[in-house]
Amino acid sequence: MRFHVKDDCLFPVRDKEKETTIPISQIPIIPQPTLNLNFVFNPDLQLLLTGKQLILDDLPFTLEEIQKHYENGYVTYRKGIEYIRGLPVCSRCGNKEENWFAQFPCSRCGEICLYCRKCLMMGRISACTPLIGWNGPNPVHTLPESILGWKGRLSDGQQAASNDVVEAVNNNKELLVWAVCGAGKTEVLFAAIESALALKKRVCIATPRTDVVLELTPRLKAAFPGITAASLYGGSEERHLYAPLTIATTHQLLRFYHAFDTVILDEVDAFPYTVEESLQYAAVQARRPESAMIYLTATPNEKWQRECRTGKRAFTTIPARFHRHPLPVPRFTWCGNWQKHLKKDKLPANVLHWIKERIQNHKQALVFFPHIPLMEKALPILRQLSPDIEAVHAEDPDRKEKVQKMRNKEIPLLLTTTILERGVTFPNIDVAVIGAEDDIFTDSALVQISGRAGRSKDYPDGIVTFFHYGKTEAMLKARKQITVMNHEGIRRGLIET
Amino acid sequence: MKLFPNAHCLICHEIILNPIGWGAIFSEEKEQFLCKTCEIRFEKIEGETCQICGRMLSYLDENFRKGELCNDCIRWEEDDQWSGYLERNHSIFIYNDFFKEVLATYKFRGDYVLAKIFADYLKVFLKKIKPDMIVPIPLSDERLYERGFNQAEALIIESGFAPTQLLTRVHSEKQSKKSRMERIHIPQVFQVNPVEIKGKAILLIDDIYTTGSTLRHAAKLLKESGAERIQSLTLAR
């Protein structure tokens with residue numbers, strides 16, 4: 001889009017008169033008109049734009065109306081692509097990798113225009129695209145008489161962490177909550193969310209995975225019955241809903257800018273958050289400059305663990321599960337060159353024995369494989385033991401149905417890749433990893449996998465076995481993390497002994 | 001700066017690995033846009049095709065063809081209003097799910113650079129057909145502004161040829177929302193720009209051939225304005 005610059009104000013033009021107008025990328029500093037308090041702004045635009053960074057194509061308002069709000073100081077224009085030391089950076093997703101940019105002869109600005117391919121799916125941002133934001137007052141909402149409707153009780157471990165989270169939220173600090181799998185992390189957040197909402201602060205819970213958003217939303221809506229909550233993920237209907245409480249995938253944060261007083265980031269160590277720098281950028285962009293950031297994870301990466309140990313990162317731990325039983329500690333069992341066995345359509349004897357035992361005793365089990373082809377090779381072999389055994393992986397169209405069948409106890413054994421390493425709960429299962437030495441099983445993956453067993457208070461025990469062809473550092477680290485947490489739980493009196 | 005930057009596949013973004021062989025050493029280096037995995041997901045139109053619309057006849061039931069023509073084209077040719085205007089359509093790919101996805105990213109998400117992938121295939125046809133003029137099917141001004149570029153024109157430019165702007169669109173509603181009957185019976189959608197086309201062989205370019213009505217509307221208009229012969233080339237059929 002081209003603009004005409006006049007009297008410290010921008011005026012968009014549709015025609016491409018090149019002498020008098022320039023694309024937004026070439027305007028050194030974008031002027032911002034002062035707020036005209038006599039101007040009657042459009043409250044729908046306010047609701048949609050507050051804390052956002054959107055492109056024109058996202059907005060169901062005319063350019064004329066948006067421009068009128070800009071001229072009166074209520075709307076901001078930012079450059080879609082900024083040049084920093086001559087190199088382009090996408091303002092929305094932070095992309096600065098050369099091979100994620102491309103250019104095209106643009107009919108909006110009439111020039112060869114650079115665009116970002118990284119966040120293309122959210123609407124193309126090119127060098128001439130203005131990112132539109134809100135500069136007027138925040139929408140007002142009334143609070144219900146009581147905010148928190150949850151009447152449950154926290155365990156001692158949860159309570160201690162909950163107090164720390166409240167403190168961090170009230171003082172706009174950063175805090176890592178390092179809670180074991182099955183600790184009951186969500187409830188730990190309730191007091192802090194209540195405290196923030198009471199001060200009319202805007203809260204966001206973000207997670208890399210859509211499944212988690214879908215699971216958290218009803219729980220939070222039930223806990224905060226009088227509060228509007230927006231649930232945002234790819235294709236969700238509530239994309240434009242302004243809410244004091246937002247539950248979103250980290251992808252959706254790309255549309256936010258300086259929006260939240262408290263951002264709670266769940267599963268910080270999960271894919272794709274860890275590998276997509278744009279998502280980490282988005283989380284930072286979505287925070288207000290003065291805001292609290294709470295990270296939740298069962299498995300912080302090595303760098304973070306080191307920072308915790310050396311006092312460089314504020315953290316709190318919940319070392320025990322809410323049911324006060326220790327975490328199952330994985331057993332290591334050498335199974336020889338299992339891939340060679342598979343090539344001959346066989347499995348190592350001790351692996352087969354383990355599985356047979358589970359089937360005979362009607363104990364359900366999750367069996368993890370490092371790669372899809374290996375798992376699919378093993379499936380027919382195991383189906384000879386029980387024809388109902390299923391296998392699941394990320395691209396499996398029947399993934400949801402198979403997981404549900406496992407929950408209904410219709411299948412004795414579910415083979416899986418790391419896709420089920422986290423987020424799923426089956427009450428009474430044993431867990432095996434075949435080929436635990438594979439690189440794909442990082443220490444955090446192995447801790448998460450071990451965390452699938454012994455989840456329910458009725459069945460707090462579960463056997464976890466790592467079948468391997470040579471112990472790895474990751475296996476040892478994972479087991480150590482689990483035993484350290486169990487010791488801390490005992491020391492703090494959070495585990496029955 | 002990287003001295004030997006790795007080429008990334010424009011679709012899946014994986015690094016493109018080239019087998020090193022004598023060919024790679026002695027032949028002129030050609031820029032690569034696709035990895036092998038993505039390349040083989042495009043299915044080319046091959047073998048026996050309908051002599052008018054260029055669709056593959058081997059996938060068509062015997063009842064839906066007569067000799068070398070498909071029933072759709074027979075229907076067009078039996079209609080006096082349309083008979084004989086579009087001489088021949090050429091299409092490169094089968095409209096499979098993978099193509100559909102890539103085309104949607106190119107056209108609706110506006111990922112212009114994907115034109116480079118298609119251009120490699122297009123070039124071959126353009127050199128073979130050798131028309132006097134290569135004419136993109138135009139977008140309305142409104143749609144052009146919305147998308148930022150004309151996907152048909154971009155294909156010609158990226159193939160290294162010069163497009164001739166012969167047509168202007170007068171109506172602008174989205175084609176894909178209409179049925180075949182509606183598409184055929186709409187009043188004229190294009191007008192011809194003042195360029196001398198008497199006796200010229202014209203090649204129309206569009207992204208897909210669905211019912212063929214867009215191309216036939218354009219062909220009829222151009223022929224009535226004096227063009228000698230009209231063929232068309234689309235990415236998919």
# chains A, B, ... in the order shown; residues from 1 in each chain; ligands from 1
$ interface_residues --of "chain A" --to "chain B" --cutoff "8 Å" --atoms "only C-alpha atoms" --output "list in words"
Asn99, Ala102, Gln103, Phe104, Pro105, Cys106, Ser107, Arg108, Arg117, Leu120, Met121, Gly123 and Arg124 of chain A
$ select_by_dssp --residues "range 51-206 of chain B" --states "alpha helix (DSSP H)" --output "number ranges by chain"
B: 71-78, 97-107, 115-129, 141-147, 151-158, 180-185
$ residues_around --residues "Arg287 in chain A" --least-positions-apart "4" --cutoff "10 Å" --atoms "only C-alpha atoms" --output "MDAnalysis selection string"
chainID A and resid 51 202:204 253 256:263 282:283 291:293
$ write_last_selection --atoms "N, CA and C atoms" --output "PDB file, in the first residue's frame"
ATOM      1  N   GLY A  51      -4.920  -4.735  21.737  1.00  0.00           N
ATOM      2  CA  GLY A  51      -3.883  -5.751  21.955  1.00  0.00           C
ATOM      3  C   GLY A  51      -3.569  -6.603  20.741  1.00  0.00           C
ATOM      4  N   ARG A 202      -5.499  -8.495  31.989  1.00  0.00           N
ATOM      5  CA  ARG A 202      -5.858  -9.429  30.934  1.00  0.00           C
ATOM      6  C   ARG A 202      -4.896 -10.624  30.980  1.00  0.00           C
ATOM      7  N   VAL A 203      -5.467 -11.819  30.996  1.00  0.00           N
ATOM      8  CA  VAL A 203      -4.676 -13.032  31.196  1.00  0.00           C
ATOM      9  C   VAL A 203      -4.733 -13.924  29.954  1.00  0.00           C
ATOM     10  N   CYS A 204      -3.595 -14.502  29.597  1.00  0.00           N
ATOM     11  CA  CYS A 204      -3.577 -15.457  28.484  1.00  0.00           C
ATOM     12  C   CYS A 204      -2.871 -16.729  28.898  1.00  0.00           C
ATOM     13  N   LEU A 253      -0.872 -16.374  19.072  1.00  0.00           N
ATOM     14  CA  LEU A 253      -0.279 -15.189  19.684  1.00  0.00           C
ATOM     15  C   LEU A 253       0.329 -14.262  18.640  1.00  0.00           C
ATOM     16  N   PHE A 256      -1.309 -11.026  18.294  1.00  0.00           N
ATOM     17  CA  PHE A 256      -1.410 -10.128  19.441  1.00  0.00           C
ATOM     18  C   PHE A 256      -0.163  -9.258  19.568  1.00  0.00           C
ATOM     19  N   TYR A 257      -0.370  -8.080  20.161  1.00  0.00           N
ATOM     20  CA  TYR A 257       0.740  -7.168  20.370  1.00  0.00           C
ATOM     21  C   TYR A 257       0.479  -6.377  21.642  1.00  0.00           C
ATOM     22  N   HIS A 258       1.401  -6.521  22.591  1.00  0.00           N
ATOM     23  CA  HIS A 258       1.274  -5.808  23.872  1.00  0.00           C
ATOM     24  C   HIS A 258      -0.129  -5.960  24.467  1.00  0.00           C
ATOM     25  N   ALA A 259      -0.615  -7.192  24.505  1.00  0.00           N
ATOM     26  CA  ALA A 259      -2.007  -7.402  24.887  1.00  0.00           C
ATOM     27  C   ALA A 259      -2.178  -7.816  26.350  1.00  0.00           C
ATOM     28  N   PHE A 260      -1.291  -8.653  26.862  1.00  0.00           N
ATOM     29  CA  PHE A 260      -1.600  -9.323  28.130  1.00  0.00           C
ATOM     30  C   PHE A 260      -0.718  -8.859  29.290  1.00  0.00           C
ATOM     31  N   ASP A 261      -1.357  -8.767  30.465  1.00  0.00           N
ATOM     32  CA  ASP A 261      -0.632  -8.424  31.692  1.00  0.00           C
ATOM     33  C   ASP A 261      -0.012  -9.679  32.291  1.00  0.00           C
ATOM     34  N   THR A 262      -0.613 -10.817  31.975  1.00  0.00           N
ATOM     35  CA  THR A 262      -0.076 -12.089  32.450  1.00  0.00           C
ATOM     36  C   THR A 262      -0.137 -13.094  31.305  1.00  0.00           C
ATOM     37  N   VAL A 263       1.000 -13.654  30.967  1.00  0.00           N
ATOM     38  CA  VAL A 263       1.010 -14.739  29.990  1.00  0.00           C
ATOM     39  C   VAL A 263       1.475 -15.998  30.700  1.00  0.00           C
ATOM     40  N   ALA A 282       6.527 -14.562  19.250  1.00  0.00           N
ATOM     41  CA  ALA A 282       5.116 -14.200  19.412  1.00  0.00           C
ATOM     42  C   ALA A 282       4.749 -14.070  20.887  1.00  0.00           C
ATOM     43  N   ALA A 283       5.259 -14.979  21.713  1.00  0.00           N
ATOM     44  CA  ALA A 283       4.926 -14.942  23.135  1.00  0.00           C
ATOM     45  C   ALA A 283       5.441 -13.654  23.769  1.00  0.00           C
ATOM     46  N   SER A 291       4.604  -6.845  32.574  1.00  0.00           N
ATOM     47  CA  SER A 291       3.709  -7.994  32.657  1.00  0.00           C
ATOM     48  C   SER A 291       4.389  -9.170  33.325  1.00  0.00           C
ATOM     49  N   ALA A 292       3.593 -10.155  33.711  1.00  0.00           N
ATOM     50  CA  ALA A 292       4.132 -11.360  34.322  1.00  0.00           C
ATOM     51  C   ALA A 292       4.164 -12.474  33.293  1.00  0.00           C
ATOM     52  N   MET A 293       5.152 -13.363  33.421  1.00  0.00           N
ATOM     53  CA  MET A 293       5.256 -14.491  32.504  1.00  0.00           C
ATOM     54  C   MET A 293       5.471 -15.751  33.343  1.00  0.00           C
TER      55      MET A 293
END
$ select_by_dssp --residues "range 82-153 of chain B" --states "strand (DSSP E)" --output "VMD selection string"
chain B and resid 88 to 93 133 to 136
$ closest_residue --among "A:Asn301, A:Asp345, A:Asn172, A:Val484" --to "Thr274 in chain A" --atoms "only C-alpha atoms"
A:Asn301
$ closest_residue --among "A:Pro28, A:Gln384, A:Asp58, A:Thr246" --to "Ile84 in chain A" --atoms "only C-alpha atoms"
A:Pro28
